[in-house]
file upload.txt (compact mmCIF, N, CA and C atoms)
# COMPACT_ATOMS: atom_id res chain seq x y z
N MET A 1 142.83 99.63 149.34
CA MET A 1 143.36 99.10 148.12
C MET A 1 142.28 99.20 147.04
N VAL A 2 142.67 99.64 145.86
CA VAL A 2 141.75 99.77 144.74
C VAL A 2 142.07 98.67 143.74
N ARG A 3 141.06 97.89 143.40
CA ARG A 3 141.25 96.84 142.40
C ARG A 3 141.38 97.47 141.03
N GLN A 4 142.19 96.84 140.18
CA GLN A 4 142.41 97.36 138.86
C GLN A 4 141.08 97.43 138.10
N GLY A 5 140.85 98.57 137.47
CA GLY A 5 139.63 98.74 136.69
C GLY A 5 138.46 99.29 137.49
N LYS A 6 138.60 99.44 138.80
CA LYS A 6 137.52 99.98 139.63
C LYS A 6 137.96 101.29 140.24
N LYS A 7 137.02 102.24 140.28
CA LYS A 7 137.30 103.51 140.92
C LYS A 7 137.12 103.38 142.42
N PRO A 8 137.88 104.13 143.22
CA PRO A 8 137.65 104.11 144.65
C PRO A 8 136.29 104.73 144.95
N PRO A 9 135.63 104.30 146.04
CA PRO A 9 134.32 104.87 146.35
C PRO A 9 134.44 106.37 146.63
N MET A 10 133.42 107.12 146.19
CA MET A 10 133.42 108.56 146.43
C MET A 10 133.18 108.82 147.91
N ASP A 11 133.94 109.74 148.46
CA ASP A 11 133.78 110.12 149.86
C ASP A 11 132.80 111.29 149.91
N PHE A 12 131.53 110.99 150.18
CA PHE A 12 130.50 112.02 150.18
C PHE A 12 130.57 112.92 151.40
N ALA A 13 131.38 112.54 152.40
CA ALA A 13 131.54 113.37 153.58
C ALA A 13 132.58 114.46 153.36
N ASP A 14 133.37 114.37 152.30
CA ASP A 14 134.43 115.32 152.02
C ASP A 14 133.85 116.53 151.29
N PRO A 15 133.77 117.69 151.98
CA PRO A 15 133.15 118.87 151.35
C PRO A 15 133.94 119.42 150.18
N SER A 16 135.20 119.01 150.00
CA SER A 16 135.99 119.51 148.89
C SER A 16 135.70 118.76 147.59
N ARG A 17 134.97 117.64 147.67
CA ARG A 17 134.65 116.86 146.48
C ARG A 17 133.66 117.63 145.61
N ASP A 18 133.82 117.53 144.31
CA ASP A 18 132.88 118.13 143.37
C ASP A 18 131.70 117.17 143.23
N GLN A 19 130.61 117.47 143.88
CA GLN A 19 129.46 116.58 143.86
C GLN A 19 128.45 117.07 142.83
N ARG A 20 127.72 116.13 142.24
CA ARG A 20 126.80 116.44 141.16
C ARG A 20 125.38 116.60 141.70
N ARG A 21 125.19 117.38 142.70
CA ARG A 21 123.87 117.59 143.27
C ARG A 21 123.35 118.96 142.88
N ARG A 22 122.04 119.04 142.65
CA ARG A 22 121.41 120.33 142.36
C ARG A 22 121.20 121.13 143.62
N HIS A 23 120.95 120.44 144.74
CA HIS A 23 120.62 121.10 146.00
C HIS A 23 121.68 120.77 147.04
N ARG A 24 122.03 121.73 147.83
CA ARG A 24 122.97 121.53 148.92
C ARG A 24 122.25 120.76 150.04
N ARG A 25 122.89 119.74 150.57
CA ARG A 25 122.29 118.95 151.65
C ARG A 25 122.65 119.55 153.00
N SER A 26 121.69 119.50 153.91
CA SER A 26 121.89 120.00 155.27
C SER A 26 122.09 118.82 156.20
N PRO A 27 123.09 118.91 157.10
CA PRO A 27 123.28 117.83 158.06
C PRO A 27 122.13 117.80 159.07
N VAL A 28 121.59 116.62 159.34
CA VAL A 28 120.48 116.43 160.28
C VAL A 28 120.67 115.09 160.98
N GLN A 29 119.88 114.84 161.97
CA GLN A 29 119.75 113.53 162.61
C GLN A 29 118.26 113.32 162.85
N LEU A 30 117.56 112.79 161.85
CA LEU A 30 116.11 112.63 161.92
C LEU A 30 115.75 111.15 161.86
N SER A 31 114.84 110.74 162.73
CA SER A 31 114.35 109.36 162.69
C SER A 31 113.60 109.13 161.39
N ALA A 32 113.77 107.92 160.86
CA ALA A 32 113.10 107.59 159.60
C ALA A 32 112.82 106.10 159.55
N ARG A 33 111.96 105.73 158.60
CA ARG A 33 111.67 104.34 158.32
C ARG A 33 111.75 104.15 156.82
N ILE A 34 112.33 103.03 156.41
CA ILE A 34 112.44 102.72 154.99
C ILE A 34 111.57 101.50 154.73
N LYS A 35 110.68 101.65 153.75
CA LYS A 35 109.80 100.54 153.36
C LYS A 35 110.15 100.13 151.94
N PHE A 36 110.35 98.84 151.74
CA PHE A 36 110.63 98.29 150.42
C PHE A 36 110.09 96.88 150.39
N GLU A 37 109.58 96.50 149.24
CA GLU A 37 108.92 95.21 149.10
C GLU A 37 107.93 95.04 150.25
N ARG A 38 108.12 94.05 151.10
CA ARG A 38 107.22 93.86 152.25
C ARG A 38 107.95 94.05 153.57
N SER A 39 109.03 94.80 153.53
CA SER A 39 109.86 95.00 154.71
C SER A 39 109.85 96.46 155.14
N GLU A 40 110.14 96.66 156.42
CA GLU A 40 110.33 98.01 156.97
C GLU A 40 111.57 97.98 157.84
N VAL A 41 112.46 98.97 157.63
CA VAL A 41 113.73 99.03 158.33
C VAL A 41 113.85 100.41 158.99
N PRO A 42 114.24 100.47 160.27
CA PRO A 42 114.48 101.78 160.89
C PRO A 42 115.73 102.42 160.29
N ALA A 43 115.72 103.75 160.23
CA ALA A 43 116.84 104.48 159.63
C ALA A 43 117.01 105.83 160.33
N ILE A 44 118.13 106.47 160.04
CA ILE A 44 118.40 107.83 160.47
C ILE A 44 118.75 108.63 159.21
N ALA A 45 118.03 109.72 158.98
CA ALA A 45 118.39 110.63 157.89
C ALA A 45 119.53 111.50 158.42
N GLU A 46 120.71 111.38 157.81
CA GLU A 46 121.89 112.12 158.28
C GLU A 46 122.10 113.42 157.53
N ASN A 47 121.56 113.52 156.32
CA ASN A 47 121.53 114.79 155.61
C ASN A 47 120.36 114.76 154.65
N ILE A 48 119.89 115.96 154.30
CA ILE A 48 118.67 116.02 153.49
C ILE A 48 118.69 117.31 152.67
N SER A 49 118.04 117.26 151.50
CA SER A 49 117.84 118.43 150.65
C SER A 49 116.49 118.26 149.97
N PRO A 50 116.05 119.26 149.21
CA PRO A 50 114.79 119.08 148.49
C PRO A 50 114.83 117.94 147.47
N GLY A 51 116.03 117.51 147.06
CA GLY A 51 116.13 116.48 146.03
C GLY A 51 116.53 115.10 146.50
N GLY A 52 116.94 114.96 147.78
CA GLY A 52 117.38 113.65 148.23
C GLY A 52 117.88 113.66 149.66
N ALA A 53 118.44 112.51 150.07
CA ALA A 53 118.91 112.37 151.44
C ALA A 53 119.88 111.21 151.54
N PHE A 54 120.63 111.20 152.64
CA PHE A 54 121.41 110.02 153.00
C PHE A 54 120.70 109.38 154.17
N LEU A 55 120.36 108.09 154.04
CA LEU A 55 119.66 107.35 155.08
C LEU A 55 120.58 106.27 155.62
N ARG A 56 120.91 106.37 156.91
CA ARG A 56 121.77 105.37 157.52
C ARG A 56 120.92 104.17 157.92
N ALA A 57 121.11 103.08 157.19
CA ALA A 57 120.36 101.84 157.43
C ALA A 57 120.98 100.74 156.58
N ALA A 58 120.83 99.53 157.02
CA ALA A 58 121.32 98.38 156.25
C ALA A 58 120.18 97.87 155.36
N LEU A 59 120.37 97.95 154.06
CA LEU A 59 119.38 97.47 153.10
C LEU A 59 120.01 96.38 152.24
N PRO A 60 119.22 95.42 151.80
CA PRO A 60 119.76 94.43 150.87
C PRO A 60 120.13 95.09 149.55
N ASP A 61 121.12 94.53 148.86
CA ASP A 61 121.58 95.13 147.61
C ASP A 61 120.48 95.23 146.55
N GLY A 62 119.48 94.38 146.60
CA GLY A 62 118.41 94.41 145.61
C GLY A 62 117.41 95.53 145.79
N ALA A 63 117.43 96.22 146.92
CA ALA A 63 116.47 97.30 147.17
C ALA A 63 116.89 98.54 146.38
N GLU A 64 116.15 98.86 145.33
CA GLU A 64 116.50 100.01 144.49
C GLU A 64 115.47 101.13 144.59
N TRP A 65 114.20 100.77 144.75
CA TRP A 65 113.14 101.75 144.97
C TRP A 65 112.59 101.53 146.36
N LEU A 66 112.24 102.63 147.05
CA LEU A 66 111.76 102.51 148.42
C LEU A 66 110.85 103.68 148.74
N VAL A 67 110.18 103.55 149.86
CA VAL A 67 109.43 104.67 150.43
C VAL A 67 110.10 105.01 151.75
N ALA A 68 110.48 106.26 151.90
CA ALA A 68 111.09 106.73 153.14
C ALA A 68 110.08 107.61 153.87
N GLU A 69 109.89 107.30 155.15
CA GLU A 69 109.07 108.15 156.03
C GLU A 69 110.05 108.83 156.97
N ILE A 70 110.16 110.15 156.87
CA ILE A 70 111.13 110.91 157.64
C ILE A 70 110.39 111.82 158.61
N ASP A 71 110.74 111.69 159.90
CA ASP A 71 110.14 112.51 160.95
C ASP A 71 110.89 113.84 161.01
N LEU A 72 110.23 114.91 160.62
CA LEU A 72 110.85 116.23 160.59
C LEU A 72 110.95 116.84 161.99
N ALA A 73 111.81 117.84 162.13
CA ALA A 73 112.06 118.46 163.44
C ALA A 73 110.81 119.14 164.01
N ASP A 74 109.87 119.56 163.15
CA ASP A 74 108.67 120.26 163.64
C ASP A 74 107.57 119.29 164.06
N GLY A 75 107.88 117.98 164.08
CA GLY A 75 106.90 116.99 164.52
C GLY A 75 106.08 116.38 163.40
N LYS A 76 106.24 116.86 162.19
CA LYS A 76 105.52 116.32 161.04
C LYS A 76 106.33 115.20 160.40
N THR A 77 105.66 114.34 159.65
CA THR A 77 106.32 113.25 158.93
C THR A 77 106.06 113.43 157.45
N VAL A 78 107.10 113.26 156.65
CA VAL A 78 106.95 113.31 155.20
C VAL A 78 107.26 111.92 154.65
N SER A 79 106.45 111.49 153.69
CA SER A 79 106.66 110.21 153.01
C SER A 79 107.02 110.49 151.57
N VAL A 80 108.07 109.83 151.09
CA VAL A 80 108.55 110.10 149.75
C VAL A 80 109.01 108.81 149.08
N LYS A 81 108.63 108.65 147.81
CA LYS A 81 109.14 107.55 147.02
C LYS A 81 110.52 107.97 146.53
N ALA A 82 111.51 107.08 146.66
CA ALA A 82 112.89 107.45 146.33
C ALA A 82 113.61 106.31 145.63
N HIS A 83 114.65 106.68 144.89
CA HIS A 83 115.48 105.73 144.16
C HIS A 83 116.88 105.72 144.79
N VAL A 84 117.40 104.53 145.07
CA VAL A 84 118.75 104.40 145.62
C VAL A 84 119.75 104.75 144.53
N ARG A 85 120.59 105.77 144.78
CA ARG A 85 121.59 106.22 143.81
C ARG A 85 122.98 105.67 144.12
N TRP A 86 123.29 105.46 145.40
CA TRP A 86 124.57 104.90 145.79
C TRP A 86 124.44 104.26 147.17
N ARG A 87 125.41 103.42 147.53
CA ARG A 87 125.40 102.69 148.81
C ARG A 87 126.72 102.85 149.52
N ARG A 88 126.65 102.84 150.83
CA ARG A 88 127.84 102.79 151.67
C ARG A 88 127.66 101.58 152.56
N HIS A 89 128.72 100.79 152.71
CA HIS A 89 128.60 99.56 153.48
C HIS A 89 129.15 99.66 154.90
N ASP A 90 130.03 100.62 155.18
CA ASP A 90 130.61 100.69 156.52
C ASP A 90 130.81 102.14 156.92
N PRO A 91 129.96 102.71 157.76
CA PRO A 91 128.71 102.14 158.24
C PRO A 91 127.68 102.12 157.12
N PRO A 92 126.69 101.23 157.24
CA PRO A 92 125.75 101.05 156.14
C PRO A 92 124.81 102.24 155.94
N GLY A 93 124.46 102.47 154.68
CA GLY A 93 123.51 103.52 154.37
C GLY A 93 123.35 103.66 152.87
N VAL A 94 122.36 104.48 152.47
CA VAL A 94 122.08 104.70 151.06
C VAL A 94 121.84 106.18 150.79
N GLY A 95 122.35 106.64 149.66
CA GLY A 95 122.02 107.96 149.16
C GLY A 95 120.83 107.80 148.23
N VAL A 96 119.77 108.54 148.48
CA VAL A 96 118.56 108.40 147.67
C VAL A 96 118.21 109.72 146.99
N GLN A 97 117.62 109.60 145.81
CA GLN A 97 117.08 110.74 145.09
C GLN A 97 115.57 110.67 145.21
N PHE A 98 114.96 111.76 145.67
CA PHE A 98 113.52 111.77 145.82
C PHE A 98 112.85 111.75 144.45
N HIS A 99 111.80 110.96 144.33
CA HIS A 99 111.06 110.83 143.08
C HIS A 99 109.72 111.56 143.18
N SER A 100 108.95 111.23 144.21
CA SER A 100 107.65 111.88 144.39
C SER A 100 107.26 111.85 145.85
N PHE A 101 106.70 112.96 146.31
CA PHE A 101 106.22 113.05 147.68
C PHE A 101 104.84 112.42 147.76
N LEU A 102 104.63 111.59 148.77
CA LEU A 102 103.38 110.85 148.91
C LEU A 102 102.40 111.54 149.85
N GLU A 103 102.91 112.44 150.66
CA GLU A 103 102.07 113.22 151.58
C GLU A 103 102.58 114.64 151.57
N ARG A 104 101.73 115.56 151.92
CA ARG A 104 102.11 116.97 151.96
C ARG A 104 102.99 117.21 153.18
N TRP A 105 103.87 118.21 153.08
CA TRP A 105 104.75 118.59 154.18
C TRP A 105 103.94 119.11 155.36
N GLY A 106 102.82 119.73 155.12
CA GLY A 106 102.05 120.37 156.19
C GLY A 106 100.94 119.57 156.62
call {"tool": "encode", "arguments": {"input": "upload.txt", "output": "structure tokens"}}
result
Amino acid sequence: MVRQGKKPPMDFADPSRDQRRRHRRSPVQLSARIKFERSEVPAIAENISPGGAFLRAALPDGAEWLVAEIDLADGKTVSVKAHVRWRRHDPPGVGVQFHSFLERWG
């Protein structure tokens, strides 16, 4: 049910949707950690691109900026400062836009 005056949530899993991304996201299942304020939450990166990612994790609504540490498939870890662009509540997760990389990929 859609409340009057509110748009239904965008279904980011629907490939037919016209999405406003510069980079195509690749589906992955990578272990990650999200750090915000003085907290750390385990997460799973479910898709990723050079510009952002979807991180499956429950975050409080007030968490807007975070640091994500993502364990890459080659055994390396990348740390990136990111901004929460959208939220999904069931199952929980956040779409983030990468702001700046804190460590080199290599």
call {"tool": "residues_around", "arguments": {"input": "upload.txt", "residues": "A:Glu64", "least_positions_apart": "4", "cutoff": "7 Å", "atoms": "only N, CA and C atoms", "output": "NGL selection string"}}
result
:A and (60 or 82-85)
call {"tool": "closest_residue", "arguments": {"input": "upload.txt", "among": "A:Ser31, A:Gln97, A:Ser79, A:Ser26", "to": "A:Asn47", "atoms": "only C-alpha atoms"}}
result
A:Ser26
call {"tool": "select_by_dssp", "arguments": {"input": "upload.txt", "residues": "stretch 5-104 of chain A", "states": "strand (DSSP E or B)", "output": "PDB file with N, CA and C atoms, keeping the file's coordinate frame"}}
result
ATOM      1  N   SER A  26     121.690 119.500 153.910  1.00  0.00           N
ATOM      2  CA  SER A  26     121.890 120.000 155.270  1.00  0.00           C
ATOM      3  C   SER A  26     122.090 118.820 156.200  1.00  0.00           C
ATOM      4  N   PRO A  27     123.090 118.910 157.100  1.00  0.00           N
ATOM      5  CA  PRO A  27     123.280 117.830 158.060  1.00  0.00           C
ATOM      6  C   PRO A  27     122.130 117.800 159.070  1.00  0.00           C
ATOM      7  N   VAL A  28     121.590 116.620 159.340  1.00  0.00           N
ATOM      8  CA  VAL A  28     120.480 116.430 160.280  1.00  0.00           C
ATOM      9  C   VAL A  28     120.670 115.090 160.980  1.00  0.00           C
ATOM     10  N   GLN A  29     119.880 114.840 161.970  1.00  0.00           N
ATOM     11  CA  GLN A  29     119.750 113.530 162.610  1.00  0.00           C
ATOM     12  C   GLN A  29     118.260 113.320 162.850  1.00  0.00           C
ATOM     13  N   LEU A  30     117.560 112.790 161.850  1.00  0.00           N
ATOM     14  CA  LEU A  30     116.110 112.630 161.920  1.00  0.00           C
ATOM     15  C   LEU A  30     115.750 111.150 161.860  1.00  0.00           C
ATOM     16  N   SER A  31     114.840 110.740 162.730  1.00  0.00           N
ATOM     17  CA  SER A  31     114.350 109.360 162.690  1.00  0.00           C
ATOM     18  C   SER A  31     113.600 109.130 161.390  1.00  0.00           C
ATOM     19  N   ALA A  32     113.770 107.920 160.860  1.00  0.00           N
ATOM     20  CA  ALA A  32     113.100 107.590 159.600  1.00  0.00           C
ATOM     21  C   ALA A  32     112.820 106.100 159.550  1.00  0.00           C
ATOM     22  N   ARG A  33     111.960 105.730 158.600  1.00  0.00           N
ATOM     23  CA  ARG A  33     111.670 104.340 158.320  1.00  0.00           C
ATOM     24  C   ARG A  33     111.750 104.150 156.820  1.00  0.00           C
ATOM     25  N   ILE A  34     112.330 103.030 156.410  1.00  0.00           N
ATOM     26  CA  ILE A  34     112.440 102.720 154.990  1.00  0.00           C
ATOM     27  C   ILE A  34     111.570 101.500 154.730  1.00  0.00           C
ATOM     28  N   LYS A  35     110.680 101.650 153.750  1.00  0.00           N
ATOM     29  CA  LYS A  35     109.800 100.540 153.360  1.00  0.00           C
ATOM     30  C   LYS A  35     110.150 100.130 151.940  1.00  0.00           C
ATOM     31  N   PHE A  36     110.350  98.840 151.740  1.00  0.00           N
ATOM     32  CA  PHE A  36     110.630  98.290 150.420  1.00  0.00           C
ATOM     33  C   PHE A  36     110.090  96.880 150.390  1.00  0.00           C
ATOM     34  N   SER A  39     109.030  94.800 153.530  1.00  0.00           N
ATOM     35  CA  SER A  39     109.860  95.000 154.710  1.00  0.00           C
ATOM     36  C   SER A  39     109.850  96.460 155.140  1.00  0.00           C
ATOM     37  N   GLU A  40     110.140  96.660 156.420  1.00  0.00           N
ATOM     38  CA  GLU A  40     110.330  98.010 156.970  1.00  0.00           C
ATOM     39  C   GLU A  40     111.570  97.980 157.840  1.00  0.00           C
ATOM     40  N   VAL A  41     112.460  98.970 157.630  1.00  0.00           N
ATOM     41  CA  VAL A  41     113.730  99.030 158.330  1.00  0.00           C
ATOM     42  C   VAL A  41     113.850 100.410 158.990  1.00  0.00           C
ATOM     43  N   PRO A  42     114.240 100.470 160.270  1.00  0.00           N
ATOM     44  CA  PRO A  42     114.480 101.780 160.890  1.00  0.00           C
ATOM     45  C   PRO A  42     115.730 102.420 160.290  1.00  0.00           C
ATOM     46  N   ALA A  43     115.720 103.750 160.230  1.00  0.00           N
ATOM     47  CA  ALA A  43     116.840 104.480 159.630  1.00  0.00           C
ATOM     48  C   ALA A  43     117.010 105.830 160.330  1.00  0.00           C
ATOM     49  N   ILE A  44     118.130 106.470 160.040  1.00  0.00           N
ATOM     50  CA  ILE A  44     118.400 107.830 160.470  1.00  0.00           C
ATOM     51  C   ILE A  44     118.750 108.630 159.210  1.00  0.00           C
ATOM     52  N   ALA A  45     118.030 109.720 158.980  1.00  0.00           N
ATOM     53  CA  ALA A  45     118.390 110.630 157.890  1.00  0.00           C
ATOM     54  C   ALA A  45     119.530 111.500 158.420  1.00  0.00           C
ATOM     55  N   GLU A  46     120.710 111.380 157.810  1.00  0.00           N
ATOM     56  CA  GLU A  46     121.890 112.120 158.280  1.00  0.00           C
ATOM     57  C   GLU A  46     122.100 113.420 157.530  1.00  0.00           C
ATOM     58  N   ASN A  47     121.560 113.520 156.320  1.00  0.00           N
ATOM     59  CA  ASN A  47     121.530 114.790 155.610  1.00  0.00           C
ATOM     60  C   ASN A  47     120.360 114.760 154.650  1.00  0.00           C
ATOM     61  N   ILE A  48     119.890 115.960 154.300  1.00  0.00           N
ATOM     62  CA  ILE A  48     118.670 116.020 153.490  1.00  0.00           C
ATOM     63  C   ILE A  48     118.690 117.310 152.670  1.00  0.00           C
ATOM     64  N   SER A  49     118.040 117.260 151.500  1.00  0.00           N
ATOM     65  CA  SER A  49     117.840 118.430 150.650  1.00  0.00           C
ATOM     66  C   SER A  49     116.490 118.260 149.970  1.00  0.00           C
ATOM     67  N   GLY A  52     116.940 114.960 147.780  1.00  0.00           N
ATOM     68  CA  GLY A  52     117.380 113.650 148.230  1.00  0.00           C
ATOM     69  C   GLY A  52     117.880 113.660 149.660  1.00  0.00           C
ATOM     70  N   ALA A  53     118.440 112.510 150.070  1.00  0.00           N
ATOM     71  CA  ALA A  53     118.910 112.370 151.440  1.00  0.00           C
ATOM     72  C   ALA A  53     119.880 111.210 151.540  1.00  0.00           C
ATOM     73  N   PHE A  54     120.630 111.200 152.640  1.00  0.00           N
ATOM     74  CA  PHE A  54     121.410 110.020 153.000  1.00  0.00           C
ATOM     75  C   PHE A  54     120.700 109.380 154.170  1.00  0.00           C
ATOM     76  N   LEU A  55     120.360 108.090 154.040  1.00  0.00           N
ATOM     77  CA  LEU A  55     119.660 107.350 155.080  1.00  0.00           C
ATOM     78  C   LEU A  55     120.580 106.270 155.620  1.00  0.00           C
ATOM     79  N   ARG A  56     120.910 106.370 156.910  1.00  0.00           N
ATOM     80  CA  ARG A  56     121.770 105.370 157.520  1.00  0.00           C
ATOM     81  C   ARG A  56     120.920 104.170 157.920  1.00  0.00           C
ATOM     82  N   TRP A  65     114.200 100.770 144.750  1.00  0.00           N
ATOM     83  CA  TRP A  65     113.140 101.750 144.970  1.00  0.00           C
ATOM     84  C   TRP A  65     112.590 101.530 146.360  1.00  0.00           C
ATOM     85  N   LEU A  66     112.240 102.630 147.050  1.00  0.00           N
ATOM     86  CA  LEU A  66     111.760 102.510 148.420  1.00  0.00           C
ATOM     87  C   LEU A  66     110.850 103.680 148.740  1.00  0.00           C
ATOM     88  N   VAL A  67     110.180 103.550 149.860  1.00  0.00           N
ATOM     89  CA  VAL A  67     109.430 104.670 150.430  1.00  0.00           C
ATOM     90  C   VAL A  67     110.100 105.010 151.750  1.00  0.00           C
ATOM     91  N   ALA A  68     110.480 106.260 151.900  1.00  0.00           N
ATOM     92  CA  ALA A  68     111.090 106.730 153.140  1.00  0.00           C
ATOM     93  C   ALA A  68     110.080 107.610 153.870  1.00  0.00           C
ATOM     94  N   GLU A  69     109.890 107.300 155.150  1.00  0.00           N
ATOM     95  CA  GLU A  69     109.070 108.150 156.030  1.00  0.00           C
ATOM     96  C   GLU A  69     110.050 108.830 156.970  1.00  0.00           C
ATOM     97  N   ILE A  70     110.160 110.150 156.870  1.00  0.00           N
ATOM     98  CA  ILE A  70     111.130 110.910 157.640  1.00  0.00           C
ATOM     99  C   ILE A  70     110.390 111.820 158.610  1.00  0.00           C
ATOM    100  N   ASP A  71     110.740 111.690 159.900  1.00  0.00           N
ATOM    101  CA  ASP A  71     110.140 112.510 160.950  1.00  0.00           C
ATOM    102  C   ASP A  71     110.890 113.840 161.010  1.00  0.00           C
ATOM    103  N   THR A  77     105.660 114.340 159.650  1.00  0.00           N
ATOM    104  CA  THR A  77     106.320 113.250 158.930  1.00  0.00           C
ATOM    105  C   THR A  77     106.060 113.430 157.450  1.00  0.00           C
ATOM    106  N   VAL A  78     107.100 113.260 156.650  1.00  0.00           N
ATOM    107  CA  VAL A  78     106.950 113.310 155.200  1.00  0.00           C
ATOM    108  C   VAL A  78     107.260 111.920 154.650  1.00  0.00           C
ATOM    109  N   SER A  79     106.450 111.490 153.690  1.00  0.00           N
ATOM    110  CA  SER A  79     106.660 110.210 153.010  1.00  0.00           C
ATOM    111  C   SER A  79     107.020 110.490 151.570  1.00  0.00           C
ATOM    112  N   VAL A  80     108.070 109.830 151.090  1.00  0.00           N
ATOM    113  CA  VAL A  80     108.550 110.100 149.750  1.00  0.00           C
ATOM    114  C   VAL A  80     109.010 108.810 149.080  1.00  0.00           C
ATOM    115  N   LYS A  81     108.630 108.650 147.810  1.00  0.00           N
ATOM    116  CA  LYS A  81     109.140 107.550 147.020  1.00  0.00           C
ATOM    117  C   LYS A  81     110.520 107.970 146.530  1.00  0.00           C
ATOM    118  N   ALA A  82     111.510 107.080 146.660  1.00  0.00           N
ATOM    119  CA  ALA A  82     112.890 107.450 146.330  1.00  0.00           C
ATOM    120  C   ALA A  82     113.610 106.310 145.630  1.00  0.00           C
ATOM    121  N   HIS A  83     114.650 106.680 144.890  1.00  0.00           N
ATOM    122  CA  HIS A  83     115.480 105.730 144.160  1.00  0.00           C
ATOM    123  C   HIS A  83     116.880 105.720 144.790  1.00  0.00           C
ATOM    124  N   VAL A  84     117.400 104.530 145.070  1.00  0.00           N
ATOM    125  CA  VAL A  84     118.750 104.400 145.620  1.00  0.00           C
ATOM    126  C   VAL A  84     119.750 104.750 144.530  1.00  0.00           C
ATOM    127  N   ARG A  85     120.590 105.770 144.780  1.00  0.00           N
ATOM    128  CA  ARG A  85     121.590 106.220 143.810  1.00  0.00           C
ATOM    129  C   ARG A  85     122.980 105.670 144.120  1.00  0.00           C
ATOM    130  N   TRP A  86     123.290 105.460 145.400  1.00  0.00           N
ATOM    131  CA  TRP A  86     124.570 104.900 145.790  1.00  0.00           C
ATOM    132  C   TRP A  86     124.440 104.260 147.170  1.00  0.00           C
ATOM    133  N   ARG A  87     125.410 103.420 147.530  1.00  0.00           N
ATOM    134  CA  ARG A  87     125.400 102.690 148.810  1.00  0.00           C
ATOM    135  C   ARG A  87     126.720 102.850 149.520  1.00  0.00           C
ATOM    136  N   ARG A  88     126.650 102.840 150.830  1.00  0.00           N
ATOM    137  CA  ARG A  88     127.840 102.790 151.670  1.00  0.00           C
ATOM    138  C   ARG A  88     127.660 101.580 152.560  1.00  0.00           C
ATOM    139  N   HIS A  89     128.720 100.790 152.710  1.00  0.00           N
ATOM    140  CA  HIS A  89     128.600  99.560 153.480  1.00  0.00           C
ATOM    141  C   HIS A  89     129.150  99.660 154.900  1.00  0.00           C
ATOM    142  N   PRO A  92     126.690 101.230 157.240  1.00  0.00           N
ATOM    143  CA  PRO A  92     125.750 101.050 156.140  1.00  0.00           C
ATOM    144  C   PRO A  92     124.810 102.240 155.940  1.00  0.00           C
ATOM    145  N   GLY A  93     124.460 102.470 154.680  1.00  0.00           N
ATOM    146  CA  GLY A  93     123.510 103.520 154.370  1.00  0.00           C
ATOM    147  C   GLY A  93     123.350 103.660 152.870  1.00  0.00           C
ATOM    148  N   VAL A  94     122.360 104.480 152.470  1.00  0.00           N
ATOM    149  CA  VAL A  94     122.080 104.700 151.060  1.00  0.00           C
ATOM    150  C   VAL A  94     121.840 106.180 150.790  1.00  0.00           C
ATOM    151  N   GLY A  95     122.350 106.640 149.660  1.00  0.00           N
ATOM    152  CA  GLY A  95     122.020 107.960 149.160  1.00  0.00           C
ATOM    153  C   GLY A  95     120.830 107.800 148.230  1.00  0.00           C
ATOM    154  N   VAL A  96     119.770 108.540 148.480  1.00  0.00           N
ATOM    155  CA  VAL A  96     118.560 108.400 147.670  1.00  0.00           C
ATOM    156  C   VAL A  96     118.210 109.720 146.990  1.00  0.00           C
ATOM    157  N   GLN A  97     117.620 109.600 145.810  1.00  0.00           N
ATOM    158  CA  GLN A  97     117.080 110.740 145.090  1.00  0.00           C
ATOM    159  C   GLN A  97     115.570 110.670 145.210  1.00  0.00           C
ATOM    160  N   PHE A  98     114.960 111.760 145.670  1.00  0.00           N
ATOM    161  CA  PHE A  98     113.520 111.770 145.820  1.00  0.00           C
ATOM    162  C   PHE A  98     112.850 111.750 144.450  1.00  0.00           C
ATOM    163  N   HIS A  99     111.800 110.960 144.330  1.00  0.00           N
ATOM    164  CA  HIS A  99     111.060 110.830 143.080  1.00  0.00           C
ATOM    165  C   HIS A  99     109.720 111.560 143.180  1.00  0.00           C
ATOM    166  N   SER A 100     108.950 111.230 144.210  1.00  0.00           N
ATOM    167  CA  SER A 100     107.650 111.880 144.390  1.00  0.00           C
ATOM    168  C   SER A 100     107.260 111.850 145.850  1.00  0.00           C
ATOM    169  N   PHE A 101     106.700 112.960 146.310  1.00  0.00           N
ATOM    170  CA  PHE A 101     106.220 113.050 147.680  1.00  0.00           C
ATOM    171  C   PHE A 101     104.840 112.420 147.760  1.00  0.00           C
TER     172      PHE A 101
END
call {"tool": "atom_distance", "arguments": {"input": "upload.txt", "atom1": "atom N of A:Pro42", "atom2": "atom C of A:Ile70"}}
result
12.1 Å
call {"tool": "atom_distance", "arguments": {"input": "upload.txt", "atom1": "atom N of A:Leu72", "atom2": "atom N of A:Val41"}}
result
16.4 Å
call {"tool": "axis_aligned_box", "arguments": {"input": "upload.txt", "around": "stretch 60-63 of chain A", "padding_each_side": "4 Å", "output": "lines of an AutoDock Vina configuration file"}}
result
center_x = 119.0
center_y = 96.5
center_z = 148.7
size_x = 13.1
size_y = 12.2
size_z = 14.2
call {"tool": "residues_around", "arguments": {"input": "upload.txt", "residues": "A:Ala68", "least_positions_apart": "4", "cutoff": "6 Å", "atoms": "only C-alpha atoms", "output": "mmCIF file with N, CA and C atoms, in the coordinates of the input"}}
result
data_model
loop_
_atom_site.group_PDB
_atom_site.id
_atom_site.type_symbol
_atom_site.label_atom_id
_atom_site.label_comp_id
_atom_site.auth_asym_id
_atom_site.auth_seq_id
_atom_site.Cartn_x
_atom_site.Cartn_y
_atom_site.Cartn_z
ATOM 1 N N ARG A 33 111.960 105.730 158.600
ATOM 2 C CA ARG A 33 111.670 104.340 158.320
ATOM 3 C C ARG A 33 111.750 104.150 156.820
ATOM 4 N N ILE A 34 112.330 103.030 156.410
ATOM 5 C CA ILE A 34 112.440 102.720 154.990
ATOM 6 C C ILE A 34 111.570 101.500 154.730
ATOM 7 N N SER A 79 106.450 111.490 153.690
ATOM 8 C CA SER A 79 106.660 110.210 153.010
ATOM 9 C C SER A 79 107.020 110.490 151.570
ATOM 10 N N VAL A 80 108.070 109.830 151.090
ATOM 11 C CA VAL A 80 108.550 110.100 149.750
ATOM 12 C C VAL A 80 109.010 108.810 149.080
#
